[in-house]
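J.: Please read through the structure below; I'll follow up with questions.
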Amino acid sequence: LSGLHINPPPGFESHPLLALQVFEVDIAPWALFKGSVVIEELSMKGVSLNVVRDKKGRLSPLDLIAVKAPGKAPRTEEEQEDTEPPWIPTIHVNTIHAEGLSFRLVDRLSKQEWSAGLGAELAIQGLRLEDLLELDVLVDRLDLKLNDILVEQPPGFSNAPLLAMKQCELASQGIDLKSSRLSISDIILDKLSASLERNADHEINLVKLFQTWLPAEKGDDSATPAPAATTAESSGPEFDIPVVVVDNISLKSISAQLLDSIQGQPWRAGFDGLDIQVTGVEVGDLAEQAIALASFDLDIKGIAVDQPPGFSGNPLLAIGNIQMASSGIDLSTSRVSVSDVKLDTLSASLERNPDRKINLVKLMEAWRPTGEDDNDDASGGAAVST
């Protein structure tokens with residue numbers, strides 16, 4: 001299949017809702033006689049998906065498929081009893097390869113257009129779908145690459161991207177959804193930058209973005225019937241969250257900043273470069289803080305915290321470089337051991353202005369509502385050994 005285009009419904013942009021250059025499937029027909037589907041190779045190239053929300057709040061895919069079908073007469077009890085669950089054959093796919101995938105989300109609901117997008121490549125070896133209803137899915141090897149990730153700021157904030165990342169890679173030597181352990185060999189993040197920002201109206205960009213896409217609250221829900229209680233028979237198969245094991249995690253060239261407007265003046269805190277190398281990660285029950293690391297190495301550069309308005313131009317805090325290493329961390333215990341900590345070129349400035357305000361207190365007041373109680377329990381923290 002080549003040259004597939006699905007245009008958006010009238011009233012949306014001219015870019016295709018879905019475009020596909022090439023789609024190829026090589027099926028082994030002899031397997032059909034054995035009650036299974038065997039796909040030797042499945043490949044896709046040049047697939048793009050463009051989802052647009054217009055000024056009326058309509059989403060292009062939903063508006064395209066909003067076709068009302070004629071209503072069906074209710075089935076009798078005998079017909080419901082005679083209905084058997086659909087037969088789903090086992091599916092084996094030897095190779096899946098997808099390249100040139102792209103996804104773009106555009107929002108025109110507000111005056112200023114907002115968008116987010118990314119590209120992707122996917123390679124899977126040995127996919128076996130034995131029983132989807134029982135989550136009996138196995139994968140011999142999976143390689144996923146996301147590239148050119150860009151999330152713009154929502155309207156009312158600066159021009160710095162909320163999130164931008166050159167590449168994210170994930171690789172696994174084997175996945176079994178029914179297993180109690182989910183193994184991932186590598187997670188790599190390269191050249192990521194993030195900007196958390198609060199504007200003059202005290203709105204936070206990340207919260208604003210979530211609120212923009214959350215469903216609107218209904219004024220009166222009294223007429224809405226409560227959902228029927230689900231039973232064990234209708235709830236489907238039980239799914240226990242598996243223990244996630246990652247052999248290597250690598251974060252390279254990560255930068256982040258916190259932007260604010262204090263008394264009408266811009267303020268910033270952040271760092272210019274962060275590299276993290278972690279091995280032997282095991283994540284279990286998060287409620288029990290069951291997180292363990294075999295080794296941990298951190299290198300962070302260019303840390304700077306601006307003075308609040310009304311103080312000198314010297315940074316409140318500046319650190320040229322922090323390096324930290326640990327041979328093993330287990331957050332479920334009450335003790336965390338760090339083998340080395342190195343700080344290079346540290347400077348701090350604690351000041352009091354003519355109004356007898358201290359800069360650190362001024363900054364805390366700007367980020368914490370007045371009168372908020374500080375009920376932190378210091379006794380609950382873990383002991384740290386260096």
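Note on naming: chains are A, B, ... as they come in the structure tokens, residues start from 1 per chain, ligands start from 1 in the order shown.
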As a PyMOL selection string, please: every residue in region 133-259 of chain A that a backbone DSSP assignment puts in strand (DSSP E).

T.: chain A and resi 136-151+163-172+175-176+181-197+243-259

J.: Using DSSP on the backbone coordinates, identify all residues within region 56-291 of chain A classified as alpha helix (DSSP H); present the result as JSON, numbers by chain.

T.: {"A": [60, 61, 62, 63, 64, 65, 77, 78, 79, 80, 81, 82, 205, 206, 207, 208, 209, 210, 211, 212, 213]}

J.: Find the spatial neighbours of region 275-284 of chain A, counting only C-alpha atoms, within a cut-off of 7 Å - ignore same-chain residues fewer than 6 positions away - and output them as a ChimeraX atom specification.

T.: /A:243-254,290-300

J.: Emit the selected residues as a PDB file, in the first residue's frame, including C-alpha atoms.

T.:
```pdb
ATOM      1  CA  VAL A 243       8.918  -4.752  38.813  1.00  0.00           C
ATOM      2  CA  VAL A 244      10.765  -2.621  36.244  1.00  0.00           C
ATOM      3  CA  VAL A 245      14.448  -3.437  35.775  1.00  0.00           C
ATOM      4  CA  VAL A 246      16.707  -1.172  33.691  1.00  0.00           C
ATOM      5  CA  ASP A 247      20.321  -2.128  33.010  1.00  0.00           C
ATOM      6  CA  ASN A 248      21.557   1.327  31.961  1.00  0.00           C
ATOM      7  CA  ILE A 249      20.118   4.850  32.056  1.00  0.00           C
ATOM      8  CA  SER A 250      22.055   7.659  30.409  1.00  0.00           C
ATOM      9  CA  LEU A 251      21.075  11.339  30.452  1.00  0.00           C
ATOM     10  CA  LYS A 252      23.308  13.626  28.401  1.00  0.00           C
ATOM     11  CA  SER A 253      23.377  17.412  28.043  1.00  0.00           C
ATOM     12  CA  ILE A 254      20.248  18.107  30.095  1.00  0.00           C
ATOM     13  CA  ALA A 290      11.189   0.176  46.517  1.00  0.00           C
ATOM     14  CA  ILE A 291      13.794   1.773  44.234  1.00  0.00           C
ATOM     15  CA  ALA A 292      17.357   0.464  44.086  1.00  0.00           C
ATOM     16  CA  LEU A 293      20.375   1.484  41.982  1.00  0.00           C
ATOM     17  CA  ALA A 294      23.600  -0.476  41.522  1.00  0.00           C
ATOM     18  CA  SER A 295      25.629   2.656  40.665  1.00  0.00           C
ATOM     19  CA  PHE A 296      24.912   6.341  40.242  1.00  0.00           C
ATOM     20  CA  ASP A 297      27.096   9.104  38.738  1.00  0.00           C
ATOM     21  CA  LEU A 298      25.962  12.714  38.424  1.00  0.00           C
ATOM     22  CA  ASP A 299      27.708  15.718  36.877  1.00  0.00           C
ATOM     23  CA  ILE A 300      25.871  19.053  36.853  1.00  0.00           C
TER      24      ILE A 300
END
```

J.: Hey, which of A:Pro242, A:Thr212, A:Ser312, A:Glu288 ends up closest to Ser180 (chain A)? Count only C-alpha atoms.

T.: A:Pro242

J.: Kindly provide the residues of region 88-142 of chain A that approach region 9-20 of chain A to within 12 Å, each paired with its closest atom pair and their distance in Å to one decimal, based on only C-alpha atoms, listed by chain and increasing number, as a tab-separated table.

T.:
```
residue	atom	partner	partner_atom	distance
A:Ala98	CA	A:Leu20	CA	11.2
A:Glu99	CA	A:Leu20	CA	11.0
A:Gly100	CA	A:Leu20	CA	9.7
A:Leu101	CA	A:Leu20	CA	9.1
A:Ser102	CA	A:Ala19	CA	9.9
A:Phe103	CA	A:Leu18	CA	9.6
A:Arg104	CA	A:Leu17	CA	9.8
A:Leu105	CA	A:Leu17	CA	10.6
A:Val106	CA	A:Glu13	CA	10.0
A:Asp107	CA	A:Phe12	CA	11.2
A:Arg108	CA	A:Phe12	CA	10.1
```

J.: Mind dumping the selected residues with N, CA and C atoms as a short mmCIF file (atom, residue, chain, number, x, y, z; two decimals), in the first residue's frame?

T.:
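The new file again-v1.cif reads:
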```cif
data_model
loop_
_atom_site.label_atom_id
_atom_site.label_comp_id
_atom_site.auth_asym_id
_atom_site.auth_seq_id
_atom_site.Cartn_x
_atom_site.Cartn_y
_atom_site.Cartn_z
N ALA A 98 9.43 0.42 11.43
CA ALA A 98 8.74 1.66 11.08
C ALA A 98 9.73 2.82 11.17
N GLU A 99 9.80 3.60 10.12
CA GLU A 99 10.70 4.76 10.10
C GLU A 99 9.98 5.95 9.49
N GLY A 100 10.46 7.13 9.86
CA GLY A 100 9.84 8.35 9.36
C GLY A 100 8.46 8.59 9.93
N LEU A 101 8.23 8.18 11.20
CA LEU A 101 6.95 8.43 11.85
C LEU A 101 6.96 9.82 12.47
N SER A 102 5.87 10.53 12.35
CA SER A 102 5.78 11.86 12.96
C SER A 102 4.36 12.09 13.47
N PHE A 103 4.30 12.81 14.59
CA PHE A 103 3.02 13.14 15.21
C PHE A 103 3.03 14.62 15.56
N ARG A 104 1.92 15.31 15.26
CA ARG A 104 1.82 16.75 15.53
C ARG A 104 0.44 17.04 16.10
N LEU A 105 0.43 17.78 17.21
CA LEU A 105 -0.81 18.18 17.88
C LEU A 105 -0.86 19.71 17.87
N VAL A 106 -1.95 20.25 17.32
CA VAL A 106 -2.10 21.70 17.17
C VAL A 106 -3.38 22.13 17.88
N ASP A 107 -3.30 23.22 18.63
CA ASP A 107 -4.45 23.76 19.35
C ASP A 107 -4.69 25.20 18.91
N ARG A 108 -5.88 25.46 18.36
CA ARG A 108 -6.26 26.81 17.93
C ARG A 108 -7.45 27.32 18.74
#
```

J.: Pick the closest to Leu317 (chain A) from A:Leu350, A:Leu206, A:Leu127, A:Val51: which is it, counting only C-alpha atoms?

T.: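 Checking each of A:Leu350, A:Leu206, A:Leu127, A:Val51 against Leu317 (chain A), counting only C-alpha atoms, the winner is A:Leu350.
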
J.: Could you name the residues that touch Ser347 (chain A) at 9 Å or less, counting only C-alpha atoms, but leaving out those on the same chain fewer than 3 positions away, as a list of chain:residue names?

T.: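 The contact residues come out as A:Pro315, A:Leu316, A:Leu317, A:Ala318, A:Ile319, A:Gly320.
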
J.: Store the residues picked out above, limited to all heavy atoms, as an mmCIF file, in the first residue's frame.

T.:
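Writing done, so here's result18.cif:
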```
data_model
loop_
_atom_site.group_PDB
_atom_site.id
_atom_site.type_symbol
_atom_site.label_atom_id
_atom_site.label_comp_id
_atom_site.auth_asym_id
_atom_site.auth_seq_id
_atom_site.Cartn_x
_atom_site.Cartn_y
_atom_site.Cartn_z
ATOM 1 N N PRO A 315 24.620 36.897 41.925
ATOM 2 C CA PRO A 315 23.684 35.780 42.077
ATOM 3 C C PRO A 315 23.518 35.395 43.542
ATOM 4 O O PRO A 315 24.466 35.470 44.336
ATOM 5 C CB PRO A 315 24.346 34.647 41.284
ATOM 6 C CG PRO A 315 25.291 35.319 40.355
ATOM 7 C CD PRO A 315 25.762 36.548 41.054
ATOM 8 N N LEU A 316 22.305 34.995 43.908
ATOM 9 C CA LEU A 316 22.084 34.496 45.247
ATOM 10 C C LEU A 316 22.905 33.231 45.473
ATOM 11 O O LEU A 316 23.479 33.026 46.531
ATOM 12 C CB LEU A 316 20.586 34.229 45.452
ATOM 13 C CG LEU A 316 20.100 33.949 46.866
ATOM 14 C CD1 LEU A 316 18.633 34.333 47.013
ATOM 15 C CD2 LEU A 316 20.275 32.489 47.270
ATOM 16 N N LEU A 317 22.980 32.383 44.434
ATOM 17 C CA LEU A 317 23.780 31.162 44.504
ATOM 18 C C LEU A 317 24.306 30.835 43.115
ATOM 19 O O LEU A 317 23.578 30.950 42.126
ATOM 20 C CB LEU A 317 22.933 29.979 45.013
ATOM 21 C CG LEU A 317 23.622 28.614 45.046
ATOM 22 C CD1 LEU A 317 24.727 28.597 46.100
ATOM 23 C CD2 LEU A 317 22.619 27.501 45.317
ATOM 24 N N ALA A 318 25.582 30.468 43.045
ATOM 25 C CA ALA A 318 26.187 30.043 41.788
ATOM 26 C C ALA A 318 27.174 28.919 42.076
ATOM 27 O O ALA A 318 28.001 29.036 42.983
ATOM 28 C CB ALA A 318 26.888 31.212 41.090
ATOM 29 N N ILE A 319 27.057 27.841 41.317
ATOM 30 C CA ILE A 319 27.965 26.693 41.459
ATOM 31 C C ILE A 319 28.454 26.317 40.059
ATOM 32 O O ILE A 319 27.646 26.063 39.169
ATOM 33 C CB ILE A 319 27.270 25.490 42.122
ATOM 34 C CG1 ILE A 319 26.692 25.882 43.486
ATOM 35 C CG2 ILE A 319 28.239 24.330 42.283
ATOM 36 C CD1 ILE A 319 25.891 24.771 44.147
ATOM 37 N N GLY A 320 29.757 26.280 39.912
ATOM 38 C CA GLY A 320 30.308 25.920 38.612
ATOM 39 C C GLY A 320 30.083 24.471 38.254
ATOM 40 O O GLY A 320 29.728 24.142 37.118
#
```

J.: For a quick check of understanding, using only C-alpha atoms, which of A:Lys208, A:Lys145, A:Lys342, A:Arg181 has the smallest distance to Cys168 (chain A)?

T.: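 Comparing A:Lys208, A:Lys145, A:Lys342, A:Arg181 against Cys168 (chain A), the winner is A:Lys145.
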
J.: Name the closest residue to Gln289 (chain A) among the candidates A:Ile204, A:Leu331, A:Val341, A:Val37; distances are taken between atoms, counting only C-alpha atoms.

T.: A:Leu331

J.: Find the residues around region 258-263 of chain A up to 10 Å (only C-alpha atoms counted), leave out those fewer than 5 positions away in its own chain, and share them as an MDAnalysis selection string.

T.: chainID A and resid 157:158 194:204 268:271 305 308:310 362:363 366:367

J.: Counting only C-alpha atoms, which residue out of A:Leu132, A:Leu150, A:Ile65, A:Ala28 sits closest to Val93 (chain A)?

T.: A:Ala28

J.: Could you tell me which of A:Leu162, A:Ala348, A:Ala171, A:Ala120 comes closest to Val139 (chain A) if we count only C-alpha atoms?

T.: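 The shortest atom-to-atom distance to Val139 (chain A) comes from A:Ala171.
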